[in-house]
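Below is input37.pdb, holding PDB, C-alpha atoms, pLDDT in the B column.
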ATOM      1  CA  MET A  25     -39.241 -68.116 233.171  1.00 59.00           C
ATOM      2  CA  ARG A  26     -35.553 -68.900 233.023  1.00 62.00           C
ATOM      3  CA  GLY A  27     -35.934 -71.896 235.342  1.00 66.00           C
ATOM      4  CA  PHE A  28     -38.828 -73.221 233.271  1.00 57.00           C
ATOM      5  CA  LEU A  29     -36.788 -72.935 230.077  1.00 56.00           C
ATOM      6  CA  LEU A  30     -33.755 -74.565 231.702  1.00 58.00           C
ATOM      7  CA  GLY A  31     -35.939 -77.404 233.000  1.00 63.00           C
ATOM      8  CA  GLY A  32     -37.343 -77.984 229.510  1.00 63.00           C
ATOM      9  CA  VAL A  33     -33.873 -78.126 227.993  1.00 63.00           C
ATOM     10  CA  MET A  34     -32.675 -80.553 230.670  1.00 68.00           C
ATOM     11  CA  ALA A  35     -35.722 -82.799 230.199  1.00 65.00           C
ATOM     12  CA  GLY A  36     -35.166 -82.803 226.446  1.00 66.00           C
ATOM     13  CA  ALA A  37     -31.503 -83.715 226.926  1.00 63.00           C
ATOM     14  CA  LEU A  38     -32.429 -86.592 229.228  1.00 60.00           C
ATOM     15  CA  VAL A  39     -34.997 -87.917 226.769  1.00 57.00           C
ATOM     16  CA  LEU A  40     -32.560 -87.723 223.867  1.00 56.00           C
ATOM     17  CA  GLY A  41     -29.783 -89.250 225.971  1.00 57.00           C
ATOM     18  CA  ALA A  42     -31.965 -92.194 226.980  1.00 59.00           C
ATOM     19  CA  ALA A  43     -32.995 -92.982 223.402  1.00 57.00           C
ATOM     20  CA  PRO A  44     -31.638 -96.227 221.966  1.00 61.00           C
ATOM     21  CA  ALA A  45     -28.767 -96.031 219.528  1.00 60.00           C
ATOM     22  CA  ALA A  46     -29.682 -95.643 215.867  1.00 56.00           C
ATOM     23  CA  GLN A  47     -29.247 -98.625 213.642  1.00 58.00           C
ATOM     24  CA  ALA A  48     -28.466 -98.572 209.955  1.00 58.00           C
ATOM     25  CA  ARG A  49     -31.645-100.454 209.068  1.00 56.00           C
ATOM     26  CA  ASP A  50     -33.915 -97.866 210.797  1.00 60.00           C
ATOM     27  CA  GLY A  51     -32.735 -94.909 208.757  1.00 71.00           C
ATOM     28  CA  ILE A  52     -32.889 -91.799 210.951  1.00 77.00           C
ATOM     29  CA  GLY A  53     -32.725 -92.124 214.732  1.00 77.00           C
ATOM     30  CA  ALA A  54     -34.878 -90.533 217.411  1.00 78.00           C
ATOM     31  CA  GLY A  55     -32.389 -87.737 218.049  1.00 83.00           C
ATOM     32  CA  GLY A  56     -32.123 -86.913 214.368  1.00 82.00           C
ATOM     33  CA  ALA A  57     -35.900 -86.918 214.028  1.00 82.00           C
ATOM     34  CA  ALA A  58     -36.216 -84.589 217.025  1.00 86.00           C
ATOM     35  CA  ALA A  59     -33.558 -82.261 215.594  1.00 87.00           C
ATOM     36  CA  LEU A  60     -35.291 -82.202 212.212  1.00 85.00           C
ATOM     37  CA  GLY A  61     -38.621 -81.490 213.915  1.00 89.00           C
ATOM     38  CA  VAL A  62     -37.125 -78.563 215.825  1.00 91.00           C
ATOM     39  CA  LEU A  63     -35.480 -77.158 212.689  1.00 89.00           C
ATOM     40  CA  GLY A  64     -38.668 -77.572 210.683  1.00 90.00           C
ATOM     41  CA  GLY A  65     -40.684 -75.827 213.402  1.00 90.00           C
ATOM     42  CA  LEU A  66     -38.239 -72.942 213.470  1.00 88.00           C
ATOM     43  CA  ALA A  67     -38.365 -72.615 209.683  1.00 88.00           C
ATOM     44  CA  VAL A  68     -42.171 -72.643 209.566  1.00 87.00           C
ATOM     45  CA  GLY A  69     -42.427 -70.246 212.508  1.00 85.00           C
ATOM     46  CA  GLY A  70     -39.972 -67.859 210.863  1.00 83.00           C
ATOM     47  CA  ALA A  71     -41.913 -67.956 207.608  1.00 81.00           C
ATOM     48  CA  ILE A  72     -45.188 -67.208 209.390  1.00 80.00           C
ATOM     49  CA  ALA A  73     -43.619 -64.380 211.377  1.00 76.00           C
ATOM     50  CA  ALA A  74     -42.081 -62.842 208.251  1.00 74.00           C
ATOM     51  CA  ALA A  75     -45.321 -63.060 206.284  1.00 71.00           C
ATOM     52  CA  ASN A  76     -47.421 -61.273 208.922  1.00 61.00           C
ATOM     53  CA  ASP A  77     -45.731 -57.858 209.125  1.00 62.00           C
ATOM     54  CA  PRO A  78     -48.219 -55.264 210.430  1.00 65.00           C
ATOM     55  CA  TYR A  79     -45.896 -52.335 209.690  1.00 68.00           C
ATOM     56  CA  TYR A  80     -45.637 -52.949 205.944  1.00 66.00           C
ATOM     57  CA  PRO A  81     -48.960 -53.200 204.104  1.00 67.00           C
ATOM     58  CA  GLY A  82     -47.567 -55.248 201.229  1.00 68.00           C
ATOM     59  CA  LYS A  83     -46.453 -54.798 197.679  1.00 75.00           C
ATOM     60  CA  PRO A  84     -47.930 -51.852 195.759  1.00 78.00           C
ATOM     61  CA  VAL A  85     -50.588 -52.845 193.273  1.00 83.00           C
ATOM     62  CA  TYR A  86     -51.291 -50.917 190.067  1.00 87.00           C
ATOM     63  CA  ARG A  87     -54.916 -50.247 189.310  1.00 89.00           C
ATOM     64  CA  ALA A  88     -56.008 -48.531 186.126  1.00 92.00           C
ATOM     65  CA  PRO A  89     -57.856 -45.256 186.646  1.00 91.00           C
ATOM     66  CA  PRO A  90     -61.616 -45.397 186.126  1.00 91.00           C
ATOM     67  CA  PRO A  91     -62.892 -44.306 182.724  1.00 93.00           C
ATOM     68  CA  PRO A  92     -64.137 -40.715 182.449  1.00 91.00           C
ATOM     69  CA  VAL A  93     -67.821 -40.089 183.023  1.00 88.00           C
ATOM     70  CA  TYR A  94     -69.630 -37.622 180.792  1.00 84.00           C
ATOM     71  CA  VAL A  95     -72.821 -36.073 182.153  1.00 79.00           C
ATOM     72  CA  GLU A  96     -75.263 -34.214 179.970  1.00 85.00           C
ATOM     73  CA  GLY A  97     -76.850 -31.090 181.316  1.00 85.00           C
ATOM     74  CA  PRO A  98     -75.948 -27.577 182.337  1.00 86.00           C
ATOM     75  CA  ILE A  99     -72.393 -26.799 183.302  1.00 86.00           C
ATOM     76  CA  CYS A 100     -72.343 -25.365 186.817  1.00 89.00           C
ATOM     77  CA  HIS A 101     -69.619 -23.845 188.938  1.00 93.00           C
ATOM     78  CA  PHE A 102     -69.329 -21.754 192.093  1.00 96.00           C
ATOM     79  CA  GLU A 103     -68.375 -18.102 192.195  1.00 96.00           C
ATOM     80  CA  ARG A 104     -67.716 -15.752 195.074  1.00 96.00           C
ATOM     81  CA  ARG A 105     -69.989 -12.755 195.068  1.00 95.00           C
ATOM     82  CA  GLU A 106     -70.209  -9.834 197.416  1.00 95.00           C
ATOM     83  CA  THR A 107     -73.617  -9.063 198.886  1.00 92.00           C
ATOM     84  CA  VAL A 108     -74.673  -6.121 201.018  1.00 94.00           C
ATOM     85  CA  ASP A 109     -77.241  -6.598 203.766  1.00 92.00           C
ATOM     86  CA  PRO A 110     -79.772  -3.921 204.830  1.00 94.00           C
ATOM     87  CA  TYR A 111     -77.364  -2.688 207.536  1.00 94.00           C
ATOM     88  CA  GLY A 112     -74.574  -1.979 205.042  1.00 93.00           C
ATOM     89  CA  ASP A 113     -72.360  -4.927 205.927  1.00 95.00           C
ATOM     90  CA  ILE A 114     -70.586  -6.659 203.029  1.00 95.00           C
ATOM     91  CA  TYR A 115     -70.551 -10.459 202.885  1.00 94.00           C
ATOM     92  CA  VAL A 116     -68.750 -12.701 200.435  1.00 95.00           C
ATOM     93  CA  ARG A 117     -70.842 -15.745 199.602  1.00 94.00           C
ATOM     94  CA  ARG A 118     -70.403 -18.692 197.292  1.00 95.00           C
ATOM     95  CA  VAL A 119     -73.097 -18.762 194.634  1.00 94.00           C
ATOM     96  CA  ARG A 120     -73.786 -21.637 192.230  1.00 95.00           C
ATOM     97  CA  VAL A 121     -73.866 -20.422 188.641  1.00 94.00           C
ATOM     98  CA  CYS A 122     -75.187 -22.661 185.844  1.00 90.00           C
ATOM     99  CA  GLU A 123     -74.717 -21.842 182.174  1.00 80.00           C
TER     100      GLU A 123
END

Show how you would write the structure in this file as structure tokens.
Amino acid sequence: MRGFLLGGVMAGALVLGAAPAAQARDGIGAGGAAALGVLGGLAVGGAIAAANDPYYPGKPVYRAPPPPVYVEGPICHFERRETVDPYGDIYVRRVRVCE
């Protein structure tokens, strides 16, 4: 891996070293364009990496609670009641009670 990276850097240096000299009428030279391309790639890559953070889900969003729902009908709730079976054992059971 290190040799591959070093070879890429050396090849890039040779290409930039062999480029013709910049002239005032051309504006930016080949080396400057390559440097700007590298800097732009690093900036875009950093922005993409910073935007895709799997450990932070994002900014909290406020959502209004849903409106209350009113249901017509009997009001029911659960109560615990003790029951005795034919063998004399006592059980506590939940019983639905509607008023």

As an exercise, work out the distance from atom CA of A:Arg117 to atom CA of A:Cys100 in Å and give it to one decimal place.
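Between these atoms lies a distance of 16.1 Å.
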
Do you know which residues are at most 12 Å from A:Gly97 counting all atoms listed in the file, after dropping those on the same chain fewer than 2 positions away, and could you put them as a ChimeraX atom specification?
/A:94-95,99-100,122-123

Output the selection as a PDB file, keeping the file's coordinate frame - C-alpha atoms for each residue.
ATOM      1  CA  TYR A  94     -69.630 -37.622 180.792  1.00 84.00           C
ATOM      2  CA  VAL A  95     -72.821 -36.073 182.153  1.00 79.00           C
ATOM      3  CA  ILE A  99     -72.393 -26.799 183.302  1.00 86.00           C
ATOM      4  CA  CYS A 100     -72.343 -25.365 186.817  1.00 89.00           C
ATOM      5  CA  CYS A 122     -75.187 -22.661 185.844  1.00 90.00           C
ATOM      6  CA  GLU A 123     -74.717 -21.842 182.174  1.00 80.00           C
TER       7      GLU A 123
END

Kindly resolve the PyMOL selection byres ((chain A and resi 104) around 10) on the present coordinates and return the residues as a PyMOL selection string.
chain A and resi 102-103+105-107+115-120

Correct to one decimal, the distance atom CA of A:Val121-atom CA of A:Pro92 is 23.3 Å

Quick one: what's the axis-aligned box for stretch 83-87 of chain A, all listed atoms, 5 Å on every side, centre and edges in Å to one decimal, as AutoDock Vina command-line options?
--center_x -50.7 --center_y -52.5 --center_z 193.5 --size_x 18.5 --size_y 14.6 --size_z 18.4

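Taking atom CA of A:His101 and atom CA of A:Pro89 as the two end points, the separation is 24.5 Å.
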